[in-house]
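Encoded as structure tokens, the structure appears first; notes follow it.
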Amino acid sequence: MPQSGIVKYHVKLSFDVDGLVERADIIGAIFGQTEGLLGPEMNLNELQRVSKVGRIEVNTSSSTNTTKGNALLPMSTDIDTCALIAAAIESIDKVGPFDCKFTLDSIDDIRASKKEDIVKRAKEIKQKWSTKSVSEGDSMLKDVHEGDTGKLTTYGKEKLPCSDGIFDSPWIILVEGRADVINLLRAGYDNALAIEGAKIDESIKELCDKKEKVVAFLDGDRAGGFILKELKSLVHIDVEHRAPTDVEVEELTPQQIDDILKDTAADMKKETSKPTINDPDDKPLAELANKVYSDLNESLEAIAIDSNQKEIFKVPISEVVDKLSTQSGIKYLVLDGIITQRLLDGAKQAGVECVVGHRVAKLVSRDGLKLKTFAELGIA
């Protein structure tokens, strides 16, 4: 078939001839006895000239006084034309002087087989690409780990994918899935947590309550909008970021991620790098906190101190709120942890005047209490 023709169908026929004939006789009968039946534009010679019919293939086998075989016509016409040509060939009743009968066996849409090949190849490509993507992901994680910029881990009982920086960072970036966390690691952001679906896990809310700032960074598609709406109904979001329209966070380049997050990161850096406070009113508090810091640091405990700077109790942080409800006379509460709203409420009920910790979480109200961090007091 000429190179300009694109074969769509194979018209397959079989024939029986009551005599001994050659292949050329069959081809001649096909061309000669169909000529003019369907109009000049439907002649096989004309269809071949305009690349609608390809080279006709004929196979024959002879026995005593009979010839049998099959013929194949590759065609690039529509199915209606194929049917007309097939019917015209079936009308042939003579090959030379001998009676014959042509029978249509099938009209095969060869594009169907091409589709099968395409699907098969697509599966191979997908498998290869998926394997490559996983390999690249592991390689990226290895690179960022060796570069000391963070690594992938999990958080909470649901084992949500996250980067290890979420535990110590004063702010957190909520993303949709594991691939997003990996991509943010590539861009140098090691404080991302995947929410893994529109249903927000309770542990995410608890973690967000302890952070100074919560950032949502979601896909730019419709699903991302739904997830953001659900997220905002359960968690206080300080900053909202979206990928460009119809683009997913995992598809962004490290430069694109940094362009989106850099201002938020810069603001957080300014907030967490406030100069040390050395006002005269803080000096007695700094001296008190410094006395207990070496024993308290990395103990995950809290110490309650009265106005005479005497220790009232020392308990694990997990027990401090319950302990406060049974004690009085506490002026200072110093803890190896984060000052949360729940702890603040308990301290207020116990009459505490000042609380010192490593970091202050995002609070709804301070209730008039004096809150300080070890860094602000020049201790850590």
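Chain labels follow the order of the structure tokens: the first chain is A, the next B, and so on; residue numbering restarts at 1 in every chain, and ligands are counted from 1 in their shown order.
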May I have the residues within 9 Å of Asp336 of chain A as an mmCIF file with N, CA and C atoms, in the first residue's frame, using only C-alpha atoms and disregarding those fewer than 5 positions away in the same chain?
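See result-v3.cif below for the written result:
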```cif
data_model
loop_
_atom_site.group_PDB
_atom_site.id
_atom_site.type_symbol
_atom_site.label_atom_id
_atom_site.label_comp_id
_atom_site.auth_asym_id
_atom_site.auth_seq_id
_atom_site.Cartn_x
_atom_site.Cartn_y
_atom_site.Cartn_z
ATOM 1 N N TYR A 293 17.273 24.735 85.162
ATOM 2 C CA TYR A 293 17.345 24.353 83.746
ATOM 3 C C TYR A 293 18.175 23.094 83.510
ATOM 4 N N LEU A 296 16.249 20.109 84.546
ATOM 5 C CA LEU A 296 14.952 19.995 83.873
ATOM 6 C C LEU A 296 15.077 19.696 82.384
ATOM 7 N N ASN A 297 16.099 20.234 81.742
ATOM 8 C CA ASN A 297 16.229 20.118 80.287
ATOM 9 C C ASN A 297 16.314 18.663 79.834
ATOM 10 N N GLU A 298 15.509 18.312 78.828
ATOM 11 C CA GLU A 298 15.425 16.981 78.242
ATOM 12 C C GLU A 298 14.865 15.927 79.194
ATOM 13 N N SER A 299 14.172 16.379 80.242
ATOM 14 C CA SER A 299 13.562 15.440 81.191
ATOM 15 C C SER A 299 12.083 15.225 80.915
ATOM 16 N N LEU A 300 11.500 16.110 80.106
ATOM 17 C CA LEU A 300 10.058 16.099 79.830
ATOM 18 C C LEU A 300 9.259 16.191 81.122
ATOM 19 N N GLU A 301 9.745 17.044 82.028
ATOM 20 C CA GLU A 301 9.081 17.246 83.313
ATOM 21 C C GLU A 301 8.779 18.725 83.531
ATOM 22 N N ALA A 302 7.951 18.999 84.541
ATOM 23 C CA ALA A 302 7.595 20.367 84.911
ATOM 24 C C ALA A 302 7.815 20.554 86.409
ATOM 25 N N ILE A 303 8.270 21.748 86.768
ATOM 26 C CA ILE A 303 8.507 22.067 88.179
ATOM 27 C C ILE A 303 7.619 23.236 88.583
ATOM 28 N N ILE A 317 5.410 16.098 82.272
ATOM 29 C CA ILE A 317 4.537 17.083 81.636
ATOM 30 C C ILE A 317 3.147 16.515 81.398
ATOM 31 N N VAL A 356 7.266 29.263 82.205
ATOM 32 C CA VAL A 356 8.466 29.266 81.372
ATOM 33 C C VAL A 356 8.589 27.916 80.682
ATOM 34 N N GLY A 357 8.858 27.925 79.395
ATOM 35 C CA GLY A 357 9.036 26.683 78.648
ATOM 36 C C GLY A 357 9.947 26.884 77.456
ATOM 37 N N HIS A 358 10.093 25.847 76.656
ATOM 38 C CA HIS A 358 10.957 25.955 75.477
ATOM 39 C C HIS A 358 10.302 26.763 74.361
#
```
**Study point:** Selection near segment 321-333 of chain A, 12 Å with only C-alpha atoms, sequence-local residues under 4 positions removed, as an MDAnalysis selection string
**Key:** chainID A and resid 284:286 288:289 292 296 301:317 337 339:357 369:373
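Nearest to Ser63 of chain A of all the residues A:Gly165, A:Gly197, A:Gly19, A:Gly220 is A:Gly19, based on only C-alpha atoms.
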Review point. Which residue, A:Asp246, A:Leu47, A:Glu158, A:Ala380, has the smallest gap to Ile200 of chain A when you use only C-alpha atoms?
Key: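 Among the listed residues, A:Glu158 lies closest to Ile200 of chain A.
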Exercise for review: Could you find all residues in segment 278-366 of chain A that DSSP calls strand (DSSP E) from the backbone, and write them as number ranges by chain?
Suggested key: A: 301-305, 311-316, 332-335, 338-339, 354-357, 359-360
Review point. So which residues touch Thr60 of chain A within 8 Å, counting only C-alpha atoms, skipping near sequence neighbours fewer than 6 positions away, as a list in words?
Key: Glu22, Arg23, Thr67, Lys68, Gly69 and Asn70 of chain A
Considering only C-alpha atoms, return as a PDB file with C-alpha atoms, in the first residue's frame whatever protein or nucleic-acid residues lie within 12 Å of Cys82 of chain A, sequence-local ones (same chain, fewer than 6 positions apart) excluded.
```
ATOM      1  CA  VAL A   7      -4.823   0.674   6.780  1.00  0.00           C
ATOM      2  CA  LYS A   8      -7.963   0.498   8.909  1.00  0.00           C
ATOM      3  CA  TYR A   9      -9.549  -2.786   7.862  1.00  0.00           C
ATOM      4  CA  HIS A  10      -8.609  -6.181   6.462  1.00  0.00           C
ATOM      5  CA  VAL A  11     -11.341  -7.622   4.235  1.00  0.00           C
ATOM      6  CA  LYS A  12     -10.839 -11.406   4.192  1.00  0.00           C
ATOM      7  CA  MET A  42     -15.539   2.696  -6.279  1.00  0.00           C
ATOM      8  CA  LEU A  44     -10.624  -1.083  -7.124  1.00  0.00           C
ATOM      9  CA  LEU A  47      -9.300   3.123  -4.856  1.00  0.00           C
ATOM     10  CA  LYS A  52      -7.752   3.587  -0.207  1.00  0.00           C
ATOM     11  CA  VAL A  53      -6.989  -0.035  -1.075  1.00  0.00           C
ATOM     12  CA  LEU A  72      -7.041 -10.266   1.713  1.00  0.00           C
ATOM     13  CA  LEU A  73      -7.736  -6.624   0.852  1.00  0.00           C
ATOM     14  CA  PRO A  74      -6.135  -3.990   3.126  1.00  0.00           C
ATOM     15  CA  MET A  75      -8.419  -0.923   3.107  1.00  0.00           C
ATOM     16  CA  SER A  76      -8.310   2.581   4.541  1.00  0.00           C
ATOM     17  CA  ALA A  88     -19.203  -6.866  -4.930  1.00  0.00           C
ATOM     18  CA  ILE A  89     -16.499  -9.537  -4.720  1.00  0.00           C
ATOM     19  CA  LEU A 104     -16.675 -13.118   3.048  1.00  0.00           C
ATOM     20  CA  SER A 106     -14.419 -11.353   8.107  1.00  0.00           C
ATOM     21  CA  ILE A 107     -13.751  -7.634   8.117  1.00  0.00           C
ATOM     22  CA  ASP A 108     -11.112  -7.091  10.789  1.00  0.00           C
ATOM     23  CA  ASP A 109     -10.588  -3.682  12.341  1.00  0.00           C
TER      24      ASP A 109
END
```
With segment 264-268 of chain A as the partner and 12 Å as the cut-off, tabulate the residues of segment 143-191 of chain A that qualify, each row holding the nearest pair of atoms and their distance in Å to one decimal, using only C-alpha atoms, sorted by chain and rising number, as a Markdown table.
```
| residue | atom | partner | partner_atom | distance |
| --- | --- | --- | --- | --- |
| A:Ser169 | CA | A:Met268 | CA | 10.1 |
| A:Pro170 | CA | A:Met268 | CA | 8.2 |
| A:Trp171 | CA | A:Met268 | CA | 7.6 |
| A:Ile172 | CA | A:Ala265 | CA | 10.3 |
| A:Ile173 | CA | A:Ala265 | CA | 10.3 |
| A:Gly188 | CA | A:Ala265 | CA | 11.1 |
| A:Tyr189 | CA | A:Ala265 | CA | 9.2 |
| A:Asp190 | CA | A:Ala265 | CA | 11.7 |
| A:Asn191 | CA | A:Ala265 | CA | 10.8 |
```
Exercise for review: Step one, run DSSP on the backbone; step two, keep only residues of segment 133-345 of chain A assigned to helix (DSSP H, G or I); then write them as a PyMOL selection string.
Suggested key: chain A and resi 133-146+164-167+178-186+202-209+222-234+249-251+254-272+280-296+317-324+341-345
